[in-house]
$ cat coords01.txt   # compact mmCIF, C-alpha atoms
# COMPACT_ATOMS: atom_id res chain seq x y z
CA MET A 3 -4.82 28.31 -100.96
CA ARG A 4 -3.15 25.21 -102.34
CA LEU A 5 -0.71 27.35 -104.32
CA SER A 6 0.24 29.35 -101.20
CA GLY A 7 0.85 26.15 -99.25
CA LEU A 8 3.02 24.78 -102.05
CA VAL A 9 5.12 27.97 -102.14
CA VAL A 10 5.68 27.83 -98.36
CA ALA A 11 6.70 24.18 -98.56
CA VAL A 12 9.22 24.88 -101.32
CA VAL A 13 10.71 27.83 -99.40
CA LEU A 14 11.11 25.75 -96.24
CA ALA A 15 12.68 22.87 -98.16
CA CYS A 16 15.21 25.19 -99.81
CA SER A 17 16.02 26.90 -96.51
CA ALA A 18 16.55 23.70 -94.52
CA PRO A 19 20.11 22.92 -95.79
CA ALA A 20 21.23 26.49 -95.11
CA ILE A 21 19.78 26.39 -91.59
CA ALA A 22 21.39 23.03 -90.86
CA SER A 23 24.71 24.31 -92.22
CA ALA A 24 24.53 27.39 -90.04
CA GLN A 25 23.94 25.24 -86.97
CA THR A 26 26.94 22.98 -87.69
CA PRO A 27 30.15 24.53 -86.28
CA PRO A 28 33.07 24.53 -88.71
CA ALA A 29 35.97 22.18 -88.06
CA PRO A 30 38.89 23.91 -86.31
CA ALA A 31 41.58 24.92 -88.81
CA SER A 32 45.28 24.26 -88.32
CA PRO A 33 47.36 27.38 -87.66
CA PRO A 34 48.81 28.91 -90.85
CA LEU A 35 52.43 28.22 -91.60
CA LEU A 36 53.25 31.93 -91.88
CA GLU A 37 53.08 34.41 -89.00
CA THR A 38 52.73 31.62 -86.41
CA THR A 39 55.29 31.12 -83.66
CA TRP A 40 56.32 27.45 -83.96
CA VAL A 41 57.78 26.21 -80.67
CA THR A 42 60.01 23.12 -80.69
CA ILE A 43 58.56 20.22 -78.68
CA GLU A 44 60.73 17.37 -79.97
CA LEU A 45 64.23 17.38 -81.43
CA GLY A 46 66.01 14.35 -82.81
CA GLY A 47 63.61 11.99 -81.07
CA VAL A 48 64.01 13.67 -77.66
CA PRO A 49 61.32 15.87 -76.03
CA VAL A 50 62.45 19.46 -75.48
CA PRO A 51 61.77 20.51 -71.86
CA LEU A 52 59.40 23.44 -71.38
CA THR A 53 60.97 25.47 -68.59
CA PRO A 54 60.40 29.19 -67.89
CA ALA A 55 64.12 29.75 -67.35
CA GLU A 56 65.07 28.48 -70.80
CA ARG A 57 64.27 30.03 -74.15
CA GLN A 58 62.54 27.51 -76.37
CA PRO A 59 63.97 26.83 -79.81
CA SER A 60 61.36 28.27 -82.16
CA LEU A 61 60.72 29.57 -85.66
CA GLN A 62 58.45 32.03 -87.36
CA PHE A 63 57.94 32.08 -91.14
CA VAL A 64 57.56 35.67 -92.37
CA ALA A 65 56.96 37.42 -95.67
CA GLY A 66 59.62 37.31 -98.36
CA GLY A 67 60.74 33.70 -97.90
CA ARG A 68 62.44 34.25 -94.54
CA VAL A 69 62.39 32.58 -91.12
CA ILE A 70 63.37 34.15 -87.82
CA GLY A 71 63.58 32.57 -84.41
CA SER A 72 65.76 31.21 -81.64
CA ASP A 73 67.93 28.08 -81.39
CA GLY A 74 67.43 28.04 -77.61
CA CYS A 75 70.22 30.55 -77.04
CA ASN A 76 70.87 32.79 -80.03
CA ARG A 77 68.55 34.53 -82.45
CA VAL A 78 68.61 32.93 -85.91
CA ARG A 79 67.64 34.01 -89.41
CA ALA A 80 67.56 32.18 -92.73
CA THR A 81 65.85 32.02 -96.09
CA TYR A 82 63.68 29.10 -97.13
CA LYS A 83 62.01 27.67 -100.23
CA LEU A 84 58.81 25.64 -100.45
CA ALA A 85 57.76 23.40 -103.34
CA GLY A 86 54.71 21.40 -102.37
CA SER A 87 55.77 19.27 -99.42
CA ARG A 88 59.48 19.95 -100.04
CA ILE A 89 61.39 22.52 -97.98
CA THR A 90 64.99 23.75 -97.97
CA PHE A 91 66.71 26.36 -95.82
CA GLY A 92 69.50 28.68 -96.89
CA PRO A 93 72.56 29.55 -94.75
CA ILE A 94 71.55 30.10 -91.11
CA ALA A 95 72.82 33.28 -89.47
CA ALA A 96 72.90 33.51 -85.67
CA THR A 97 73.94 35.95 -82.98
CA ARG A 98 76.91 35.00 -80.81
CA MET A 99 75.69 35.00 -77.22
CA ALA A 100 77.09 32.43 -74.79
CA CYS A 101 74.41 30.34 -73.07
CA SER A 102 75.68 27.73 -70.65
CA GLY A 103 74.02 24.33 -71.03
CA SER A 104 72.16 25.07 -74.27
CA GLU A 105 74.91 24.29 -76.79
CA SER A 106 73.68 20.77 -77.47
CA VAL A 107 70.09 21.82 -78.15
CA ALA A 108 71.19 24.77 -80.30
CA GLY A 109 73.51 22.61 -82.38
CA ARG A 110 70.91 19.89 -82.93
CA PHE A 111 68.26 22.48 -83.81
CA THR A 112 70.49 24.10 -86.45
CA ALA A 113 71.48 20.67 -87.84
CA ALA A 114 67.79 19.71 -88.14
CA LEU A 115 67.04 22.81 -90.22
CA LYS A 116 70.02 22.19 -92.49
CA SER A 117 68.97 18.56 -93.05
CA ALA A 118 65.25 19.19 -93.61
CA VAL A 119 63.88 18.26 -97.03
CA ARG A 120 60.16 17.68 -96.33
CA TRP A 121 57.56 19.41 -94.16
CA ARG A 122 54.18 18.36 -92.83
CA LEU A 123 51.46 20.33 -91.05
CA ALA A 124 48.61 18.44 -89.40
CA ALA A 125 46.56 18.77 -86.23
CA GLY A 126 48.39 21.97 -85.30
CA ARG A 127 51.78 20.26 -85.43
CA LEU A 128 54.60 21.22 -87.83
CA GLN A 129 57.23 18.59 -88.63
CA PHE A 130 60.44 18.55 -90.67
CA TYR A 131 61.80 15.30 -92.12
CA GLY A 132 65.22 14.37 -93.49
CA ALA A 133 66.19 12.72 -96.76
CA ASP A 134 65.65 9.25 -95.24
CA ASP A 135 62.17 10.33 -94.03
CA THR A 136 63.35 10.51 -90.42
CA LEU A 137 61.49 12.98 -88.20
CA LEU A 138 64.09 15.64 -87.36
CA VAL A 139 62.10 18.20 -85.38
CA ALA A 140 58.48 18.76 -84.36
CA PHE A 141 56.84 22.07 -83.45
CA GLU A 142 53.54 23.19 -81.98
CA ALA A 143 51.93 26.58 -82.44
CA GLY A 144 52.93 28.79 -79.52
CA ARG A 145 51.15 31.70 -77.97
CA GLY A 146 52.04 35.34 -78.53
CA GLY A 147 53.47 37.32 -81.41
CA ALA A 148 57.13 37.28 -82.31
CA THR A 149 59.33 34.25 -81.89
CA ALA A 150 61.20 34.07 -78.58
CA GLY A 151 64.20 36.35 -78.54
CA GLU A 152 63.28 38.05 -81.81
CA GLU A 153 61.65 41.34 -82.69
CA PRO A 154 58.30 41.28 -84.56
CA PRO A 155 58.75 40.89 -88.32
CA PRO A 156 58.50 44.11 -90.33
CA GLY A 157 55.93 44.77 -93.02
CA PRO A 158 52.44 43.40 -93.61
CA ALA A 159 51.61 39.77 -93.02
CA ALA A 160 51.64 37.50 -96.03
CA ALA A 161 48.73 35.30 -97.00
CA PRO A 162 48.80 31.92 -95.26
CA THR A 163 50.49 29.15 -97.17
CA THR A 164 48.20 26.19 -97.79
CA PRO A 165 49.75 22.84 -96.80
CA PRO A 166 49.66 19.96 -99.27
CA ALA A 167 46.37 18.10 -99.48
CA SER A 168 47.93 14.93 -98.07
CA ALA A 169 49.18 16.67 -94.90
CA GLY A 170 45.98 16.03 -92.94
CA ALA A 171 45.19 12.56 -94.31
CA PRO A 172 44.28 10.16 -91.48
CA LEU A 173 46.49 7.19 -90.74
CA VAL A 174 45.47 3.89 -92.34
CA SER A 175 45.62 0.37 -90.93
CA ARG A 176 49.02 -1.26 -91.28
CA VAL A 177 51.24 -3.95 -89.76
CA PHE A 178 54.75 -2.92 -88.64
CA ASP A 179 57.34 -5.70 -88.54
CA TRP A 180 60.19 -5.03 -86.10
CA ALA A 181 62.79 -5.70 -88.78
CA SER A 182 61.25 -3.00 -91.00
CA LEU A 183 61.59 -0.24 -88.37
CA GLN A 184 64.70 1.80 -89.15
CA ALA A 185 66.89 2.57 -86.16
CA VAL A 186 68.01 6.22 -86.19
CA PRO A 187 70.86 7.30 -83.87
CA ILE A 188 70.01 9.85 -81.17
CA PRO A 189 72.30 11.25 -78.44
CA SER A 190 71.08 8.73 -75.87
CA GLY A 191 70.91 5.65 -78.12
CA GLU A 192 68.57 5.10 -81.04
CA ARG A 193 64.93 5.58 -82.04
CA ARG A 194 62.48 3.83 -84.37
CA GLN A 195 59.56 5.86 -85.72
CA VAL A 196 56.26 3.99 -86.12
CA LEU A 197 53.21 6.29 -86.32
CA ASP A 198 52.73 10.04 -86.27
CA GLY A 199 49.57 11.62 -87.69
CA PRO A 200 45.84 12.26 -87.26
CA THR A 201 43.24 9.50 -87.24
CA ALA A 202 39.48 9.47 -87.69
CA THR A 203 38.97 10.09 -83.95
CA VAL A 204 42.04 11.93 -82.56
CA ASP A 205 44.09 14.93 -83.69
CA LEU A 206 47.35 13.01 -83.40
CA LEU A 207 48.39 9.41 -82.75
CA HIS A 208 52.10 8.95 -82.15
CA VAL A 209 54.09 5.73 -81.63
CA HIS A 210 57.85 5.33 -81.52
CA VAL A 211 60.40 2.98 -79.95
CA THR A 212 63.35 4.31 -77.96
CA THR A 213 66.49 2.36 -77.09
CA LEU A 214 68.63 3.91 -74.34
CA ALA A 215 72.31 3.03 -74.23
CA VAL A 216 73.73 1.82 -70.92
CA GLY A 217 73.72 4.67 -68.39
CA LYS A 218 71.92 7.07 -70.73
CA ALA A 219 68.73 9.00 -69.91
CA SER A 220 65.83 10.22 -72.03
CA GLY A 221 66.82 13.79 -71.21
CA GLU A 222 65.98 16.25 -68.48
CA ALA A 223 62.75 15.76 -66.54
CA VAL A 224 59.92 17.07 -68.74
CA ARG A 225 56.25 17.82 -68.13
CA HIS A 226 54.03 16.09 -70.68
CA LEU A 227 50.96 17.87 -71.99
CA GLN A 228 49.33 14.64 -73.14
CA GLU A 229 48.76 11.18 -71.67
CA GLU A 230 51.38 8.58 -72.56
CA VAL A 231 51.67 4.80 -72.32
CA LEU A 232 55.12 3.16 -72.32
CA ILE A 233 55.85 -0.58 -72.57
CA VAL A 234 59.32 -1.85 -71.70
CA LYS A 235 60.56 -4.37 -74.28
CA ASP A 236 64.11 -5.08 -73.11
CA GLY A 237 66.44 -4.04 -70.30
CA ASP A 238 65.98 -2.29 -66.96
CA VAL A 239 64.58 1.23 -66.82
CA GLU A 240 64.63 3.67 -63.91
CA VAL A 241 61.46 5.75 -64.05
CA SER A 242 61.24 9.17 -62.39
CA LEU A 243 57.57 10.13 -62.10
CA ASP A 244 56.47 13.28 -60.30
CA GLY A 245 59.41 13.11 -57.90
CA THR A 246 59.32 9.36 -57.19
CA THR A 247 61.75 6.83 -58.67
CA GLN A 248 61.13 3.16 -59.49
CA LYS A 249 63.06 0.49 -61.41
CA VAL A 250 61.10 -1.68 -63.88
CA GLY A 251 61.98 -4.47 -66.29
CA PRO A 252 60.77 -6.14 -69.51
CA GLY A 253 56.98 -6.33 -69.87
CA SER A 254 56.32 -3.42 -67.52
CA ILE A 255 53.64 -0.94 -68.57
CA LEU A 256 53.88 2.72 -67.57
CA PHE A 257 51.10 5.30 -67.72
CA PHE A 258 51.88 9.01 -67.54
CA ALA A 259 48.84 11.22 -66.95
CA ALA A 260 48.63 14.63 -68.59
CA GLY A 261 50.85 17.06 -66.70
CA ALA A 262 53.14 14.39 -65.26
CA VAL A 263 56.84 15.25 -64.91
CA THR A 264 58.89 12.27 -66.09
CA ARG A 265 62.39 11.07 -66.90
CA LEU A 266 63.69 7.64 -67.92
CA ARG A 267 67.19 6.21 -67.49
CA ASN A 268 68.80 2.91 -68.46
CA ALA A 269 69.61 1.40 -65.09
CA GLY A 270 70.88 -1.95 -66.42
CA THR A 271 73.97 -3.37 -68.09
CA THR A 272 72.39 -3.84 -71.54
CA PRO A 273 70.49 -1.49 -73.88
CA ALA A 274 66.96 -0.70 -72.66
CA THR A 275 64.16 -0.52 -75.23
CA TYR A 276 60.61 0.72 -74.69
CA TYR A 277 57.58 1.61 -76.82
CA VAL A 278 56.04 5.09 -76.47
CA VAL A 279 52.38 5.69 -77.38
CA TYR A 280 50.56 9.01 -77.04
CA PHE A 281 47.65 10.83 -78.63
CA LYS A 282 46.27 14.36 -78.72
CA THR A 283 42.66 15.52 -78.79
CA PRO A 284 41.00 18.96 -78.70
CA LYS A 285 41.21 18.73 -74.90
CA THR A 286 45.00 18.35 -74.90
CA PRO A 287 46.62 21.60 -73.65
CA LYS A 288 48.62 23.50 -76.27
CA ALA A 289 51.16 24.89 -73.82
$ encode --input "coords01.txt" --output "structure tokens"
Amino acid sequence: MRLSGLVVAVVLACSAPAIASAQTPPAPASPPLLETTWVTIELGGVPVPLTPAERQPSLQFVAGGRVIGSDGCNRVRATYKLAGSRITFGPIAATRMACSGSESVAGRFTAALKSAVRWRLAAGRLQFYGADDTLLVAFEAGRGGATAGEEPPPGPAAAPTTPPASAGAPLVSRVFDWASLQAVPIPSGERRQVLDGPTATVDLLHVHVTTLAVGKASGEAVRHLQEEVLIVKDGDVEVSLDGTTQKVGPGSILFFAAGAVTRLRNAGTTPATYYVVYFKTPKTPKA
């Protein structure tokens, strides 16, 4: 009787870890680099508007070291090489359709690919960086099969490429001195990158500083998928928020709820600088 009880106890003890493991849901995996439609959400420090009437710049990595996609107007193709976190693209071939109003986006998208030297995949977000470690373009996994404006890739799907181990490392505590933040030119002024990566509690924490030149705007009105907090540092900013317009000055704090349609413009006579903070969680819409 004692022996039977001992055997039962041992069996239960050995089974407990397996049962507990089965009850614990696995952590959600990031989309694979290959065979995923990567839709551009940010280009040269400027959000790319998501509008049904406009084809989104996008890429899809396919078998054989090739990428296909759209620059926002024309279909594009190129070769690419990966070596750890390094990435380089070969000559970019494109169709020759005329698309009024998309030339700027298409040109900046192509320039970003040509200048990319490092890639990063974390929290479902793909990013390309330049030689000076400036964020050139950011993508999110889109829905559907082939990249916009492109036929499905031929042949069988390749095995997913595993991102470098450091790609998903959470951000660590750090102090950022204003003088250490490199100002990178953008079409509307300049931008300083601060934070962009996962933390212990959110999928993505992003902080940057934008300076708008006199009379310049942040771009076309865009609907944000995530909540954002903006703090005006210098200058006067005209804020368009869900159809209403208001002028604010230094020290003003702006909150954009998820789904808000926003646009910022320098309404003063000097450069306008503001901090942008946003984060993404599993509840943040993907598209």
$ closest_residue --input "coords01.txt" --among "A:Cys75, A:Leu138, A:Ala65, A:Ala114" --to "Met99 in chain A" --atoms "only C-alpha atoms"
A:Cys75
$ atom_distance --input "coords01.txt" --atom1 "CA of Thr272 in chain A" --atom2 "CA of Thr136 in chain A"
25.4 Å
$ atom_distance --input "coords01.txt" --atom1 "CA of Leu61 in chain A" --atom2 "CA of Arg79 in chain A"
9.0 Å
$ axis_aligned_box --input "coords01.txt" --around "range 254-259 of chain A" --padding-each-side "5 Å" --output "lines of an AutoDock Vina configuration file"
center_x = 52.6
center_y = 3.9
center_z = -67.8
size_x = 17.5
size_y = 24.6
size_z = 11.6
$ residues_around --input "coords01.txt" --residues "range 40-43 of chain A" --least-positions-apart "3" --cutoff "6 Å" --atoms "all atoms listed in the file" --output "CSV table (one decimal) with C-alpha atoms, keeping the file's coordinate frame"
chain,number,residue,atom,x,y,z
A,49,PRO,CA,61.3,15.9,-76.0
A,50,VAL,CA,62.4,19.5,-75.5
A,59,PRO,CA,64.0,26.8,-79.8
A,60,SER,CA,61.4,28.3,-82.2
A,61,LEU,CA,60.7,29.6,-85.7
A,140,ALA,CA,58.5,18.8,-84.4
A,141,PHE,CA,56.8,22.1,-83.4
A,142,GLU,CA,53.5,23.2,-82.0
A,143,ALA,CA,51.9,26.6,-82.4
A,144,GLY,CA,52.9,28.8,-79.5
$ build_atoms --input "coords01.txt" --residues "range 58-78 of chain A" --atoms "N, CA, C and O atoms" --output "mmCIF file, keeping the file's coordinate frame"
data_model
loop_
_atom_site.group_PDB
_atom_site.id
_atom_site.type_symbol
_atom_site.label_atom_id
_atom_site.label_comp_id
_atom_site.auth_asym_id
_atom_site.auth_seq_id
_atom_site.Cartn_x
_atom_site.Cartn_y
_atom_site.Cartn_z
ATOM 1 N N GLN A 58 62.842 28.661 -75.522
ATOM 2 C CA GLN A 58 62.540 27.510 -76.370
ATOM 3 C C GLN A 58 63.041 27.729 -77.790
ATOM 4 O O GLN A 58 62.851 28.803 -78.348
ATOM 5 N N PRO A 59 63.674 26.722 -78.385
ATOM 6 C CA PRO A 59 63.970 26.830 -79.810
ATOM 7 C C PRO A 59 62.658 27.011 -80.571
ATOM 8 O O PRO A 59 61.688 26.299 -80.321
ATOM 9 N N SER A 60 62.617 27.966 -81.479
ATOM 10 C CA SER A 60 61.360 28.270 -82.160
ATOM 11 C C SER A 60 61.635 28.952 -83.489
ATOM 12 O O SER A 60 62.732 29.451 -83.737
ATOM 13 N N LEU A 61 60.612 28.948 -84.351
ATOM 14 C CA LEU A 61 60.720 29.570 -85.660
ATOM 15 C C LEU A 61 59.446 30.341 -85.962
ATOM 16 O O LEU A 61 58.369 30.017 -85.465
ATOM 17 N N GLN A 62 59.604 31.337 -86.826
ATOM 18 C CA GLN A 62 58.450 32.030 -87.360
ATOM 19 C C GLN A 62 58.724 32.319 -88.833
ATOM 20 O O GLN A 62 59.731 32.933 -89.177
ATOM 21 N N PHE A 63 57.831 31.828 -89.705
ATOM 22 C CA PHE A 63 57.940 32.080 -91.140
ATOM 23 C C PHE A 63 57.308 33.440 -91.424
ATOM 24 O O PHE A 63 56.157 33.682 -91.034
ATOM 25 N N VAL A 64 58.051 34.320 -92.103
ATOM 26 C CA VAL A 64 57.560 35.670 -92.370
ATOM 27 C C VAL A 64 57.597 35.920 -93.872
ATOM 28 O O VAL A 64 58.087 35.103 -94.663
ATOM 29 N N ALA A 65 57.051 37.074 -94.254
ATOM 30 C CA ALA A 65 56.960 37.420 -95.670
ATOM 31 C C ALA A 65 58.336 37.485 -96.315
ATOM 32 O O ALA A 65 59.331 37.808 -95.673
ATOM 33 N N GLY A 66 58.376 37.190 -97.617
ATOM 34 C CA GLY A 66 59.620 37.310 -98.360
ATOM 35 C C GLY A 66 60.494 36.080 -98.321
ATOM 36 O O GLY A 66 61.686 36.165 -98.634
ATOM 37 N N GLY A 67 59.947 34.923 -97.910
ATOM 38 C CA GLY A 67 60.740 33.700 -97.900
ATOM 39 C C GLY A 67 61.789 33.661 -96.821
ATOM 40 O O GLY A 67 62.898 33.144 -97.032
ATOM 41 N N ARG A 68 61.472 34.216 -95.639
ATOM 42 C CA ARG A 68 62.440 34.250 -94.540
ATOM 43 C C ARG A 68 61.866 33.570 -93.300
ATOM 44 O O ARG A 68 60.651 33.515 -93.109
ATOM 45 N N VAL A 69 62.764 33.063 -92.445
ATOM 46 C CA VAL A 69 62.390 32.580 -91.120
ATOM 47 C C VAL A 69 63.242 33.322 -90.093
ATOM 48 O O VAL A 69 64.401 33.656 -90.353
ATOM 49 N N ILE A 70 62.647 33.579 -88.952
ATOM 50 C CA ILE A 70 63.370 34.150 -87.820
ATOM 51 C C ILE A 70 63.040 33.304 -86.611
ATOM 52 O O ILE A 70 62.044 32.573 -86.598
ATOM 53 N N GLY A 71 63.886 33.364 -85.593
ATOM 54 C CA GLY A 71 63.580 32.570 -84.410
ATOM 55 C C GLY A 71 64.722 32.502 -83.441
ATOM 56 O O GLY A 71 65.591 33.376 -83.393
ATOM 57 N N SER A 72 64.740 31.417 -82.664
ATOM 58 C CA SER A 72 65.760 31.210 -81.640
ATOM 59 C C SER A 72 66.167 29.742 -81.663
ATOM 60 O O SER A 72 65.338 28.855 -81.884
ATOM 61 N N ASP A 73 67.458 29.470 -81.467
ATOM 62 C CA ASP A 73 67.930 28.080 -81.390
ATOM 63 C C ASP A 73 67.982 27.588 -79.943
ATOM 64 O O ASP A 73 68.554 26.552 -79.650
ATOM 65 N N GLY A 74 67.380 28.368 -79.020
ATOM 66 C CA GLY A 74 67.430 28.040 -77.610
ATOM 67 C C GLY A 74 68.422 28.903 -76.865
ATOM 68 O O GLY A 74 68.452 28.931 -75.638
ATOM 69 N N CYS A 75 69.239 29.637 -77.626
ATOM 70 C CA CYS A 75 70.220 30.550 -77.040
ATOM 71 C C CYS A 75 70.308 31.816 -77.872
ATOM 72 O O CYS A 75 70.036 32.904 -77.399
ATOM 73 N N ASN A 76 70.669 31.655 -79.144
ATOM 74 C CA ASN A 76 70.870 32.790 -80.030
ATOM 75 C C ASN A 76 69.702 32.983 -80.994
ATOM 76 O O ASN A 76 69.003 32.030 -81.341
ATOM 77 N N ARG A 77 69.526 34.244 -81.416
ATOM 78 C CA ARG A 77 68.550 34.530 -82.450
ATOM 79 C C ARG A 77 69.081 34.031 -83.789
ATOM 80 O O ARG A 77 70.279 34.143 -84.067
ATOM 81 N N VAL A 78 68.203 33.483 -84.615
ATOM 82 C CA VAL A 78 68.610 32.930 -85.910
ATOM 83 C C VAL A 78 67.748 33.522 -87.016
ATOM 84 O O VAL A 78 66.602 33.910 -86.788
#
